[in-house]
>>> print(open('coords_33.pdb').read())   # PDB, C-alpha atoms and all ligand atoms
ATOM      1  CA  MET A   1      17.250  13.379  16.398
ATOM      2  CA  LYS A   2      19.956  12.758  19.034
ATOM      3  CA  ASN A   3      23.429  12.292  17.484
ATOM      4  CA  LYS A   4      22.033  12.316  13.961
ATOM      5  CA  THR A   5      23.997  14.694  11.775
ATOM      6  CA  HIS A   6      21.711  15.197   8.768
ATOM      7  CA  PHE A   7      18.069  15.875   8.014
ATOM      8  CA  ILE A   8      16.509  14.827   4.689
ATOM      9  CA  LEU A   9      13.013  14.575   3.230
ATOM     10  CA  TYR A  10      11.471  11.208   2.402
ATOM     11  CA  SER A  11      11.841  10.536  -1.323
ATOM     12  CA  ASN A  12       8.051  10.813  -1.860
ATOM     13  CA  CYS A  13       8.055  14.345  -0.389
ATOM     14  CA  ILE A  14       8.912  16.896  -3.062
ATOM     15  CA  PRO A  15       9.434  20.628  -2.400
ATOM     16  CA  VAL A  16       7.960  23.094  -4.931
ATOM     17  CA  LYS A  17       8.818  26.801  -4.835
ATOM     18  CA  GLY A  18       6.381  29.606  -5.578
ATOM     19  CA  PHE A  19       6.967  33.349  -5.810
ATOM     20  CA  SER A  20       6.196  34.059  -2.163
ATOM     21  CA  GLU A  21       5.725  30.661  -0.529
ATOM     22  CA  SER A  22       6.630  27.022  -1.131
ATOM     23  CA  ILE A  23       5.027  23.679  -0.424
ATOM     24  CA  ILE A  24       6.277  20.155   0.121
ATOM     25  CA  MET A  25       4.045  17.674  -1.704
ATOM     26  CA  ASP A  26       3.675  14.248  -0.111
ATOM     27  CA  LEU A  27       3.011  12.156  -3.205
ATOM     28  CA  GLN A  28       2.287   8.985  -1.286
ATOM     29  CA  ARG A  29      -0.165  10.203   1.347
ATOM     30  CA  GLU A  30      -1.650  12.690  -1.163
ATOM     31  CA  ASN A  31      -1.137  15.764   0.949
ATOM     32  CA  TYR A  32       1.072  18.833   1.139
ATOM     33  CA  VAL A  33       2.441  21.243   3.719
ATOM     34  CA  GLU A  34       3.218  24.939   3.294
ATOM     35  CA  ILE A  35       6.737  26.166   4.061
ATOM     36  CA  PRO A  36       8.587  29.483   3.688
ATOM     37  CA  ASN A  37      10.791  29.952   0.629
ATOM     38  CA  VAL A  38      13.923  30.203   2.770
ATOM     39  CA  LEU A  39      13.299  26.647   3.992
ATOM     40  CA  PHE A  40      12.774  25.487   0.387
ATOM     41  CA  ASP A  41      16.212  26.919  -0.480
ATOM     42  CA  ILE A  42      17.882  25.247   2.502
ATOM     43  CA  ILE A  43      16.307  21.881   1.754
ATOM     44  CA  THR A  44      16.998  21.855  -1.980
ATOM     45  CA  LYS A  45      20.518  23.323  -1.832
ATOM     46  CA  TYR A  46      21.973  21.804   1.304
ATOM     47  CA  THR A  47      20.239  18.918   3.079
ATOM     48  CA  GLN A  48      21.428  16.091   0.836
ATOM     49  CA  ASN A  49      25.089  17.142   1.026
ATOM     50  CA  TYR A  50      25.662  18.926   4.319
ATOM     51  CA  SER A  51      25.221  18.197   8.014
ATOM     52  CA  ILE A  52      22.785  20.293  10.012
ATOM     53  CA  LYS A  53      25.761  21.984  11.730
ATOM     54  CA  LYS A  54      27.286  22.906   8.369
ATOM     55  CA  ILE A  55      23.925  24.129   7.036
ATOM     56  CA  LYS A  56      23.596  26.447  10.023
ATOM     57  CA  SER A  57      27.067  27.856   9.431
ATOM     58  CA  LEU A  58      26.291  28.298   5.704
ATOM     59  CA  CYS A  59      23.362  30.456   6.874
ATOM     60  CA  SER A  60      25.794  32.467   9.077
ATOM     61  CA  ASN A  61      24.215  30.877  12.180
ATOM     62  CA  GLU A  62      21.391  33.398  11.843
ATOM     63  CA  LEU A  63      18.656  30.811  11.226
ATOM     64  CA  ASN A  64      19.644  28.157  13.781
ATOM     65  CA  GLU A  65      16.442  28.253  15.796
ATOM     66  CA  GLY A  66      14.210  28.239  12.698
ATOM     67  CA  ILE A  67      16.167  25.362  11.127
ATOM     68  CA  ASP A  68      15.811  23.242  14.286
ATOM     69  CA  LEU A  69      12.104  24.022  14.628
ATOM     70  CA  TYR A  70      11.240  23.334  10.979
ATOM     71  CA  PHE A  71      13.263  20.113  10.741
ATOM     72  CA  LYS A  72      11.558  18.854  13.908
ATOM     73  CA  TYR A  73       8.148  19.940  12.578
ATOM     74  CA  LEU A  74       8.720  18.078   9.283
ATOM     75  CA  GLU A  75       9.872  15.010  11.198
ATOM     76  CA  GLU A  76       6.685  15.104  13.306
ATOM     77  CA  LEU A  77       4.586  15.340  10.131
ATOM     78  CA  ASP A  78       6.508  12.369   8.717
ATOM     79  CA  TYR A  79       7.818  14.399   5.795
ATOM     80  CA  GLY A  80      11.502  13.865   6.679
ATOM     81  CA  PHE A  81      13.883  12.260   9.140
ATOM     82  CA  PHE A  82      17.248  12.663  10.843
ATOM     83  CA  THR A  83      20.037  10.362   9.692
ATOM     84  CA  ASN A  84      23.810   9.948   9.586
ATOM     85  CA  GLU A  85      23.700   8.468   6.085
ATOM     86  CA  PRO A  86      21.794  10.732   3.696
ATOM     87  CA  ASN A  87      23.376   9.135   0.629
ATOM     88  CA  LEU A  88      21.581   5.860   1.289
ATOM     89  CA  PHE A  89      18.328   7.582   0.294
ATOM     90  CA  PRO A  90      18.431   8.559  -3.399
ATOM     91  CA  ASN A  91      15.784  10.723  -5.035
ATOM     92  CA  LEU A  92      12.709   9.183  -6.662
ATOM     93  CA  ARG A  93      12.647   8.870 -10.481
ATOM     94  CA  LEU A  94       9.808  11.054 -11.681
ATOM     95  CA  ASP A  95       9.456  10.366 -15.415
ATOM     96  CA  PHE A  96       6.025  10.164 -17.023
ATOM     97  CA  HIS A  97       5.163   7.477 -19.578
ATOM     98  CA  SER A  98       1.803   6.248 -20.793
ATOM     99  CA  PRO A  99       1.151   3.614 -23.472
ATOM    100  CA  PHE A 100      -2.365   4.949 -24.142
ATOM    101  CA  LYS A 101      -3.219   7.255 -27.034
ATOM    102  CA  ILE A 102      -5.975   8.949 -24.999
ATOM    103  CA  LEU A 103      -5.905   9.310 -21.224
ATOM    104  CA  SER A 104      -9.127  11.212 -20.632
ATOM    105  CA  SER A 105     -12.204  12.283 -22.499
ATOM    106  CA  VAL A 106     -15.393  14.274 -22.042
ATOM    107  CA  ILE A 107     -18.335  13.768 -24.345
ATOM    108  CA  CYS A 108     -21.554  15.763 -24.276
ATOM    109  CA  ILE A 109     -24.987  14.590 -25.366
ATOM    110  CA  SER A 110     -28.021  16.837 -25.682
ATOM    111  CA  ASP A 111     -31.273  16.994 -27.657
ATOM    112  CA  ASP A 112     -29.227  18.488 -30.526
ATOM    113  CA  THR A 113     -26.857  15.516 -30.728
ATOM    114  CA  ASP A 114     -26.938  13.819 -34.133
ATOM    115  CA  TYR A 115     -23.732  11.794 -34.080
ATOM    116  CA  SER A 116     -23.668   8.076 -33.312
ATOM    117  CA  ILE A 117     -22.878   7.854 -29.606
ATOM    118  CA  PRO A 118     -21.926   4.133 -29.676
ATOM    119  CA  ASP A 119     -19.576   4.787 -32.598
ATOM    120  CA  VAL A 120     -17.834   7.703 -30.833
ATOM    121  CA  LEU A 121     -17.556   5.768 -27.562
ATOM    122  CA  SER A 122     -16.118   2.755 -29.405
ATOM    123  CA  GLN A 123     -13.450   4.920 -31.057
ATOM    124  CA  ILE A 124     -12.471   6.469 -27.725
ATOM    125  CA  ILE A 125     -12.358   3.085 -25.976
ATOM    126  CA  GLU A 126     -10.236   1.654 -28.790
ATOM    127  CA  LEU A 127      -7.686   4.445 -28.223
ATOM    128  CA  GLY A 128      -7.262   3.336 -24.594
ATOM    129  CA  VAL A 129      -9.084   6.080 -22.679
ATOM    130  CA  GLN A 130      -8.516   5.717 -18.914
ATOM    131  CA  THR A 131     -11.064   8.198 -17.554
ATOM    132  CA  ILE A 132     -14.212   9.314 -19.334
ATOM    133  CA  GLN A 133     -16.983  11.714 -18.419
ATOM    134  CA  ILE A 134     -20.259  11.361 -20.308
ATOM    135  CA  ARG A 135     -22.341  14.497 -19.755
ATOM    136  CA  ILE A 136     -25.975  14.001 -20.747
ATOM    137  CA  PHE A 137     -28.258  17.028 -20.871
ATOM    138  CA  LYS A 138     -31.351  15.313 -22.259
ATOM    139  CA  LYS A 139     -33.800  12.958 -20.590
ATOM    140  CA  ILE A 140     -32.527   9.409 -20.759
ATOM    141  CA  ASN A 141     -33.715   6.055 -19.493
ATOM    142  CA  GLU A 142     -31.845   3.190 -17.927
ATOM    143  CA  GLY A 143     -31.995   1.050 -21.097
ATOM    144  CA  GLU A 144     -30.240   3.725 -23.197
ATOM    145  CA  LEU A 145     -27.567   4.185 -20.540
ATOM    146  CA  LEU A 146     -26.997   0.432 -20.329
ATOM    147  CA  GLU A 147     -26.497   0.364 -24.090
ATOM    148  CA  PHE A 148     -23.696   2.953 -23.822
ATOM    149  CA  ILE A 149     -21.923   1.523 -20.820
ATOM    150  CA  SER A 150     -21.999  -2.055 -22.080
ATOM    151  CA  LEU A 151     -19.361  -0.857 -24.584
ATOM    152  CA  PHE A 152     -16.902  -0.508 -21.703
ATOM    153  CA  LYS A 153     -17.266  -4.105 -20.572
ATOM    154  CA  GLU A 154     -14.040  -5.443 -22.111
ATOM    155  CA  SER A 155     -12.216  -2.103 -22.118
ATOM    156  CA  ARG A 156      -9.082  -0.891 -20.292
ATOM    157  CA  THR A 157     -10.980   2.189 -19.034
ATOM    158  CA  LYS A 158     -10.646   2.691 -15.281
ATOM    159  CA  ILE A 159     -13.255   5.361 -14.515
ATOM    160  CA  VAL A 160     -16.598   6.081 -16.201
ATOM    161  CA  GLU A 161     -18.371   9.141 -14.785
ATOM    162  CA  ILE A 162     -21.877   9.887 -15.999
ATOM    163  CA  PHE A 163     -23.281  13.372 -15.425
ATOM    164  CA  LEU A 164     -27.042  13.661 -15.847
ATOM    165  CA  LYS A 165     -29.230  16.728 -15.715
ATOM    166  CA  ASP A 166     -32.042  15.908 -13.301
ATOM    167  CA  PHE A 167     -35.408  15.162 -14.903
ATOM    168  CA  ASP A 168     -37.028  14.066 -11.641
ATOM    169  CA  TYR A 169     -34.920  10.939 -11.555
ATOM    170  CA  ASN A 170     -34.864   8.727  -8.491
ATOM    171  CA  GLU A 171     -32.115   6.459  -7.177
ATOM    172  CA  ILE A 172     -33.864   3.203  -8.117
ATOM    173  CA  GLN A 173     -33.872   4.141 -11.814
ATOM    174  CA  PHE A 174     -30.101   3.761 -12.148
ATOM    175  CA  LYS A 175     -29.377   0.862  -9.803
ATOM    176  CA  LYS A 176     -29.014  -1.611 -12.687
ATOM    177  CA  VAL A 177     -26.501   0.680 -14.387
ATOM    178  CA  LEU A 178     -24.370   0.903 -11.248
ATOM    179  CA  ASP A 179     -24.630  -2.849 -10.612
ATOM    180  CA  PHE A 180     -23.524  -3.497 -14.179
ATOM    181  CA  ASP A 181     -19.944  -2.285 -13.693
ATOM    182  CA  SER A 182     -18.094  -1.084 -10.573
ATOM    183  CA  ARG A 183     -16.125   1.506 -12.613
ATOM    184  CA  ILE A 184     -19.275   3.587 -13.123
ATOM    185  CA  SER A 185     -20.469   6.506 -11.001
ATOM    186  CA  ILE A 186     -23.396   8.851 -11.663
ATOM    187  CA  LEU A 187     -23.739  12.486 -10.690
ATOM    188  CA  ILE A 188     -27.180  14.038 -11.120
ATOM    189  CA  HIS A 189     -26.946  17.834 -11.184
ATOM    190  CA  SER A 190     -29.486  20.678 -11.238
ATOM    191  CA  SER A 191     -31.433  18.682  -8.658
ATOM    192  CA  ASP A 192     -33.723  19.568  -5.738
ATOM    193  CA  LYS A 193     -32.256  16.671  -3.754
ATOM    194  CA  HIS A 194     -28.966  18.371  -2.900
ATOM    195  CA  ASN A 195     -26.172  16.141  -1.603
ATOM    196  CA  HIS A 196     -28.287  12.990  -1.496
ATOM    197  CA  LYS A 197     -25.944  10.008  -1.849
ATOM    198  CA  PHE A 198     -26.788   6.387  -2.611
ATOM    199  CA  PHE A 199     -25.009   3.070  -3.181
ATOM    200  CA  ASP A 200     -21.715   3.988  -1.409
ATOM    201  CA  SER A 201     -21.791   7.436  -3.022
ATOM    202  CA  LYS A 202     -21.716   5.934  -6.516
ATOM    203  CA  LEU A 203     -24.880   7.962  -7.171
ATOM    204  CA  ILE A 204     -24.965  11.577  -6.001
ATOM    205  CA  PHE A 205     -27.595  14.282  -6.477
ATOM    206  CA  LEU A 206     -26.361  17.893  -6.436
ATOM    207  CA  LYS A 207     -28.151  21.211  -6.819
ATOM    208  CA  GLU A 208     -25.344  22.818  -8.858
ATOM    209  CA  ASN A 209     -26.267  23.537 -12.422
ATOM    210  CA  LEU A 210     -23.704  22.105 -14.842
ATOM    211  CA  LYS A 211     -23.765  23.488 -18.370
ATOM    212  CA  GLU A 212     -21.868  22.311 -21.397
ATOM    213  CA  ASN A 213     -19.752  25.471 -21.248
ATOM    214  CA  SER A 214     -19.519  25.767 -17.465
ATOM    215  CA  LYS A 215     -16.388  27.545 -16.252
ATOM    216  CA  GLU A 216     -13.844  25.646 -14.251
ATOM    217  CA  ILE A 217     -13.674  25.768 -10.493
ATOM    218  CA  TYR A 218     -10.299  26.203  -8.833
ATOM    219  CA  SER A 219      -9.805  25.728  -5.115
ATOM    220  CA  LYS A 220      -7.275  24.369  -2.680
ATOM    221  CA  GLU A 221      -9.576  21.424  -1.961
ATOM    222  CA  LEU A 222      -9.296  20.284  -5.582
ATOM    223  CA  PHE A 223      -5.502  20.110  -5.731
ATOM    224  CA  ILE A 224      -4.113  16.670  -6.461
ATOM    225  CA  SER A 225      -0.919  15.437  -4.832
ATOM    226  CA  ASN A 226       0.062  12.004  -6.078
ATOM    227  CA  ILE A 227       2.937  10.475  -8.034
ATOM    228  CA  ALA A 228       1.137  10.013 -11.371
ATOM    229  CA  PHE A 229      -0.261  13.555 -11.403
ATOM    230  CA  PHE A 230       3.030  15.115 -10.301
ATOM    231  CA  CYS A 231       5.113  13.266 -12.910
ATOM    232  CA  GLU A 232       2.727  14.239 -15.700
ATOM    233  CA  SER A 233       2.441  17.870 -14.602
ATOM    234  CA  LYS A 234       6.237  18.310 -14.418
ATOM    235  CA  SER A 235       6.482  18.007 -18.189
ATOM    236  CA  LEU A 236       2.932  18.245 -19.571
ATOM    237  CA  ASN A 237      -0.441  19.942 -19.179
ATOM    238  CA  VAL A 238      -2.416  17.385 -17.143
ATOM    239  CA  GLY A 239      -5.712  19.059 -18.077
ATOM    240  CA  LEU A 240      -5.183  18.737 -21.839
ATOM    241  CA  ASN A 241      -2.521  16.081 -22.383
ATOM    242  CA  LYS A 242      -3.958  13.105 -24.303
ATOM    243  CA  LYS A 243      -7.486  14.436 -23.768
ATOM    244  CA  VAL A 244     -10.155  14.349 -26.477
ATOM    245  CA  CYS A 245     -13.512  16.023 -25.986
ATOM    246  CA  ILE A 246     -16.607  15.836 -28.174
ATOM    247  CA  ASP A 247     -19.242  18.501 -27.719
ATOM    248  CA  SER A 248     -22.955  17.836 -28.165
ATOM    249  CA  ASN A 249     -22.744  18.878 -31.838
ATOM    250  CA  GLY A 250     -19.960  16.392 -32.518
ATOM    251  CA  PHE A 251     -17.073  18.872 -32.670
ATOM    252  CA  ILE A 252     -13.723  17.432 -31.569
ATOM    253  CA  LYS A 253     -11.850  19.704 -29.160
ATOM    254  CA  ASN A 254      -9.062  19.792 -26.580
ATOM    255  CA  TYR A 255     -11.751  20.618 -24.002
ATOM    256  CA  ILE A 256     -15.483  21.030 -24.212
ATOM    257  CA  ASN A 257     -15.585  24.801 -23.605
ATOM    258  CA  HIS A 258     -12.742  25.697 -25.994
ATOM    259  CA  GLU A 259     -13.635  27.682 -29.117
ATOM    260  CA  LEU A 260     -11.299  25.827 -31.462
ATOM    261  CA  SER A 261     -12.445  22.524 -32.933
ATOM    262  CA  PHE A 262     -10.494  20.040 -35.057
ATOM    263  CA  GLY A 263     -13.338  18.603 -37.129
ATOM    264  CA  ASN A 264     -16.582  16.810 -36.500
ATOM    265  CA  VAL A 265     -17.047  13.133 -35.632
ATOM    266  CA  GLU A 266     -19.637  12.934 -38.431
ATOM    267  CA  ASN A 267     -16.802  13.028 -40.986
ATOM    268  CA  THR A 268     -13.510  12.789 -39.059
ATOM    269  CA  LEU A 269     -12.056   9.827 -37.214
ATOM    270  CA  ILE A 270     -10.818  10.725 -33.730
ATOM    271  CA  SER A 271      -7.535   8.867 -34.385
ATOM    272  CA  GLU A 272      -6.843  11.252 -37.313
ATOM    273  CA  ILE A 273      -6.686  14.349 -35.137
ATOM    274  CA  LEU A 274      -4.237  12.686 -32.720
ATOM    275  CA  ASN A 275      -1.526  13.413 -35.323
ATOM    276  CA  ASN A 276      -2.469  17.075 -35.654
ATOM    277  CA  ASP A 277       0.340  19.227 -34.193
ATOM    278  CA  LEU A 278      -2.069  22.024 -33.298
ATOM    279  CA  PHE A 279      -4.299  19.592 -31.384
ATOM    280  CA  LEU A 280      -1.286  18.215 -29.492
ATOM    281  CA  GLU A 281       0.382  21.579 -28.781
ATOM    282  CA  LYS A 282      -1.532  22.645 -25.667
ATOM    283  CA  GLY A 283      -1.208  19.251 -23.978
ATOM    284  CA  ASN A 284       2.559  19.698 -24.097
ATOM    285  CA  VAL A 285       2.556  23.039 -22.268
ATOM    286  CA  ASN A 286       3.285  22.519 -18.576
ATOM    287  CA  ASN A 287       2.569  25.167 -15.955
ATOM    288  CA  ASP A 288       6.217  26.267 -15.928
ATOM    289  CA  GLN A 289       5.522  27.895 -19.316
ATOM    290  CA  VAL A 290       2.301  29.661 -18.301
ATOM    291  CA  GLU A 291       2.191  33.234 -17.045
ATOM    292  CA  LYS A 292       1.295  33.438 -13.323
ATOM    293  CA  CYS A 293       1.144  29.604 -12.939
ATOM    294  CA  LYS A 294       4.921  29.418 -13.330
ATOM    295  CA  ASP A 295       5.210  31.448 -10.094
ATOM    296  CA  CYS A 296       2.623  29.394  -8.193
ATOM    297  CA  GLN A 297       3.633  26.783  -5.639
ATOM    298  CA  TYR A 298       0.572  24.661  -6.556
ATOM    299  CA  ARG A 299       1.507  24.353 -10.246
ATOM    300  CA  TYR A 300       2.153  20.592 -10.072
ATOM    301  CA  ALA A 301      -1.054  19.928  -8.111
ATOM    302  CA  CYS A 302      -3.512  22.065 -10.066
ATOM    303  CA  LEU A 303      -5.785  20.591 -12.744
ATOM    304  CA  SER A 304      -6.831  23.139 -15.338
ATOM    305  CA  ASN A 305      -8.573  22.532 -18.653
ATOM    306  CA  SER A 306      -8.376  26.185 -19.635
ATOM    307  CA  ASP A 307      -7.568  27.136 -23.183
ATOM    308  CA  LEU A 308      -4.092  28.630 -23.634
ATOM    309  CA  ILE A 309      -3.095  31.692 -25.598
ATOM    310  CA  LYS A 310       0.416  31.978 -26.993
ATOM    311  CA  ILE A 311       2.277  35.102 -25.910
ATOM    312  CA  GLU A 312       5.785  36.323 -26.619
ATOM    313  CA  ASP A 313       7.621  34.281 -23.991
ATOM    314  CA  GLY A 314       5.217  31.437 -23.281
ATOM    315  CA  TYR A 315       1.469  31.098 -22.766
ATOM    316  CA  ARG A 316      -1.314  32.531 -20.674
ATOM    317  CA  LYS A 317      -4.566  30.880 -19.632
ATOM    318  CA  LEU A 318      -7.929  32.062 -20.871
ATOM    319  CA  ASP A 319      -9.563  31.138 -17.540
ATOM    320  CA  TYR A 320      -7.494  31.784 -14.474
ATOM    321  CA  CYS A 321      -8.058  30.899 -10.855
ATOM    322  CA  ASN A 322      -8.341  33.623  -8.222
ATOM    323  CA  PHE A 323      -5.102  32.710  -6.472
ATOM    324  CA  ASN A 324      -2.452  35.422  -6.431
ATOM    325  CA  PRO A 325       0.977  33.736  -6.056
ATOM    326  CA  TYR A 326       2.711  37.106  -5.698
ATOM    327  CA  GLU A 327       0.777  37.913  -2.503
ATOM    328  CA  ASN A 328       0.058  34.273  -1.583
ATOM    329  CA  LEU A 329      -3.640  35.146  -1.395
ATOM    330  CA  TRP A 330      -6.933  33.714  -2.687
ATOM    331  CA  GLU A 331      -8.743  36.820  -3.891
TER
HETATM  332  S1  LIG A 401      -4.360  28.131 -12.159
HETATM  333 FE1  LIG A 401      -2.161  28.569 -12.020
HETATM  334  S2  LIG A 401      -1.977  30.179 -10.479
HETATM  335 FE2  LIG A 401      -3.992  29.225 -10.223
HETATM  336  S3  LIG A 401      -3.700  27.635  -8.658
HETATM  337 FE3  LIG A 401      -3.465  26.677 -10.677
HETATM  338  S4  LIG A 401      -1.255  26.747 -11.072
HETATM  339 FE4  LIG A 401      -1.687  28.209  -9.435
END
>>> encode(input="coords_33.pdb", output="structure tokens")
Amino acid sequence: MKNKTHFILYSNCIPVKGFSESIIMDLQRENYVEIPNVLFDIITKYTQNYSIKKIKSLCSNELNEGIDLYFKYLEELDYGFFTNEPNLFPNLRLDFHSPFKILSSVICISDDTDYSIPDVLSQIIELGVQTIQIRIFKKINEGELLEFISLFKESRTKIVEIFLKDFDYNEIQFKKVLDFDSRISILIHSSDKHNHKFFDSKLIFLKENLKENSKEIYSKELFISNIAFFCESKSLNVGLNKKVCIDSNGFIKNYINHELSFGNVENTLISEILNNDLFLEKGNVNNDQVEKCKDCQYRYACLSNSDLIKIEDGYRKLDYCNFNPYENLWE
């Protein structure tokens, strides 16, 4: 710090202001730190253009001790550094672009499912899906699973998560499936073998009971702080943007537990609904347009698939978390 006139954040560390508290997101190390709003204001208004001495005088020299302590604290955390040449460190470009027509998908399969699963999976793969969750609520054997996942062999898909309801399965039953492709992981829920993990945690048993219409879980532990997520969430709804979900009856939806459907895969091609303005609308709504979320410091780190309801000056979520940004409290 000695003789250095300025303090600035590293370009991968981005401050986000909430109603009562702010955070700085470290998009490279996938972490964040909480800071008071007054520090957010100082950092975003002054640090790039003014020396520390000038910043203190702009704050009437009333915050000198706090400014020194916080700048040192952020330096120790490796969120920022002291320098004489702040202009050598321009801000990061944070635009979001994706060439894929679908980024994520959830499909559900139960005893009631009549649609052709290979056909639906092939359509989704063809549209470039990057992450897919296949939630299976009926008893299934390894051969059937291998038939589905073999469709991904030549695909651009990066992550294939399979959720199975436990029917007294054991770890050996799915070894071939996991050996088949390293992009696959299996989570077996509603199980007696809670938190049993096998094959480098590619197969996990959990006691939690997942239902097709299960409500979302929000918690600090689930926040995501990385460049791709941040860039997308600045302008779009990460939970619903370029997402296509098929429920166990074949209805095409923005998310599995939404009421509204856009047709059935029995008589509608998935690519057809990707031009439907109503289907696309909610994916374009970022958290800055959503009541309560717009005042939350976690709004660019929070993944929510909730349905949205249009209100006079924006949107509100159907399912909210229990965080209160006005009191900075989890209730
Ligand atoms: S749902 Fe909204 S208010 Fe709750 S944590 Fe996410 S962004 Fe914040």
>>> closest_residue(input="coords_33.pdb", among="A:Glu232, A:Glu208, A:Glu161, A:Glu62", to="A:Ser98", atoms="all atoms listed in the file")
A:Glu232
>>> residues_around(input="coords_33.pdb", residues="stretch 174-188 of chain A", least_positions_apart="6", cutoff="6 Å", atoms="all atoms listed in the file", output="list in words")
Leu146, Ile159, Val160, Glu161, Ile162, Phe163, Leu164, Lys165, Asp166, Lys202, Leu203, Ile204 and Phe205 of chain A
>>> resolve_selection(input="coords_33.pdb", expression="the PyMOL selection byres (((chain A and resi 35-48) around 9) and not hetatm)", output="tab-separated table (two decimals) with C-alpha atoms, in the coordinates of the input")
chain	number	residue	atom	x	y	z
A	6	HIS	CA	21.71	15.20	8.77
A	7	PHE	CA	18.07	15.88	8.01
A	8	ILE	CA	16.51	14.83	4.69
A	9	LEU	CA	13.01	14.58	3.23
A	15	PRO	CA	9.43	20.63	-2.40
A	16	VAL	CA	7.96	23.09	-4.93
A	17	LYS	CA	8.82	26.80	-4.84
A	18	GLY	CA	6.38	29.61	-5.58
A	19	PHE	CA	6.97	33.35	-5.81
A	20	SER	CA	6.20	34.06	-2.16
A	21	GLU	CA	5.72	30.66	-0.53
A	22	SER	CA	6.63	27.02	-1.13
A	23	ILE	CA	5.03	23.68	-0.42
A	24	ILE	CA	6.28	20.16	0.12
A	33	VAL	CA	2.44	21.24	3.72
A	34	GLU	CA	3.22	24.94	3.29
A	49	ASN	CA	25.09	17.14	1.03
A	50	TYR	CA	25.66	18.93	4.32
A	51	SER	CA	25.22	18.20	8.01
A	52	ILE	CA	22.78	20.29	10.01
A	54	LYS	CA	27.29	22.91	8.37
A	55	ILE	CA	23.92	24.13	7.04
A	58	LEU	CA	26.29	28.30	5.70
A	59	CYS	CA	23.36	30.46	6.87
A	66	GLY	CA	14.21	28.24	12.70
A	67	ILE	CA	16.17	25.36	11.13
A	70	TYR	CA	11.24	23.33	10.98
A	86	PRO	CA	21.79	10.73	3.70
A	87	ASN	CA	23.38	9.14	0.63
>>> residues_near_point(input="coords_33.pdb", point="(-9.0, 5.4, -23.5)", cutoff="10 Å", atoms="all atoms listed in the file", output="list in words")
Phe100, Lys101, Ile102, Leu103, Ser104, Ser105, Leu121, Ser122, Gln123, Ile124, Ile125, Glu126, Leu127, Gly128, Val129, Gln130, Thr131, Ile132, Ser155, Arg156, Thr157, Lys158, Ile159, Lys242, Lys243 and Val244 of chain A
>>> residues_near_ligand(input="coords_33.pdb", ligand="ligand LIG 401 (chain A)", cutoff="6 Å", atoms="all atoms listed in the file", output="number ranges by chain")
A: 292-293, 296, 298-299, 302, 320-321, 323
>>> residues_around(input="coords_33.pdb", residues="A:Lys282", least_positions_apart="4", cutoff="9 Å", atoms="all atoms listed in the file", output="VMD selection string")
chain A and resid 236 to 237 240 to 241 254 278 286 307 to 308
>>> axis_aligned_box(input="coords_33.pdb", around="stretch 207-219 of chain A", padding_each_side="5 Å", output="AutoDock Vina command-line options")
--center_x -19.0 --center_y 24.4 --center_z -13.3 --size_x 28.3 --size_y 16.3 --size_z 26.3
>>> closest_atom_pairs(input="coords_33.pdb", of="stretch 197-300 of chain A", to="stretch 89-97 of chain A", cutoff="10 Å", atoms="all atoms listed in the file", output="Markdown table")
| residue | atom | partner | partner_atom | distance |
| --- | --- | --- | --- | --- |
| A:Ile227 | CA | A:Leu94 | CA | 7.8 |
| A:Ala228 | CA | A:Phe96 | CA | 7.5 |
| A:Phe229 | CA | A:Phe96 | CA | 9.1 |
| A:Phe230 | CA | A:Leu94 | CA | 8.0 |
| A:Cys231 | CA | A:Phe96 | CA | 5.2 |
| A:Glu232 | CA | A:Phe96 | CA | 5.4 |
| A:Ser233 | CA | A:Phe96 | CA | 8.8 |
| A:Lys234 | CA | A:Leu94 | CA | 8.5 |
| A:Ser235 | CA | A:Phe96 | CA | 7.9 |
| A:Leu236 | CA | A:Phe96 | CA | 9.0 |
>>> build_atoms(input="coords_33.pdb", residues="stretch 52-57 of chain A", atoms="N, CA, C and O atoms", output="short mmCIF file (atom, residue, chain, number, x, y, z; two decimals), keeping the file's coordinate frame")
data_model
loop_
_atom_site.label_atom_id
_atom_site.label_comp_id
_atom_site.auth_asym_id
_atom_site.auth_seq_id
_atom_site.Cartn_x
_atom_site.Cartn_y
_atom_site.Cartn_z
N ILE A 52 23.61 19.19 9.49
CA ILE A 52 22.78 20.29 10.01
C ILE A 52 23.70 21.41 10.54
O ILE A 52 23.45 22.60 10.32
N LYS A 53 24.81 20.99 11.19
CA LYS A 53 25.76 21.98 11.73
C LYS A 53 26.32 22.84 10.60
O LYS A 53 26.39 24.06 10.69
N LYS A 54 26.70 22.18 9.51
CA LYS A 54 27.29 22.91 8.37
C LYS A 54 26.23 23.83 7.72
O LYS A 54 26.53 24.96 7.33
N ILE A 55 25.00 23.31 7.64
CA ILE A 55 23.92 24.13 7.04
C ILE A 55 23.75 25.41 7.85
O ILE A 55 23.64 26.51 7.30
N LYS A 56 23.77 25.26 9.17
CA LYS A 56 23.60 26.45 10.02
C LYS A 56 24.73 27.44 9.78
O LYS A 56 24.50 28.65 9.67
N SER A 57 25.95 26.92 9.65
CA SER A 57 27.07 27.86 9.43
C SER A 57 26.98 28.48 8.04
O SER A 57 27.34 29.64 7.85
#
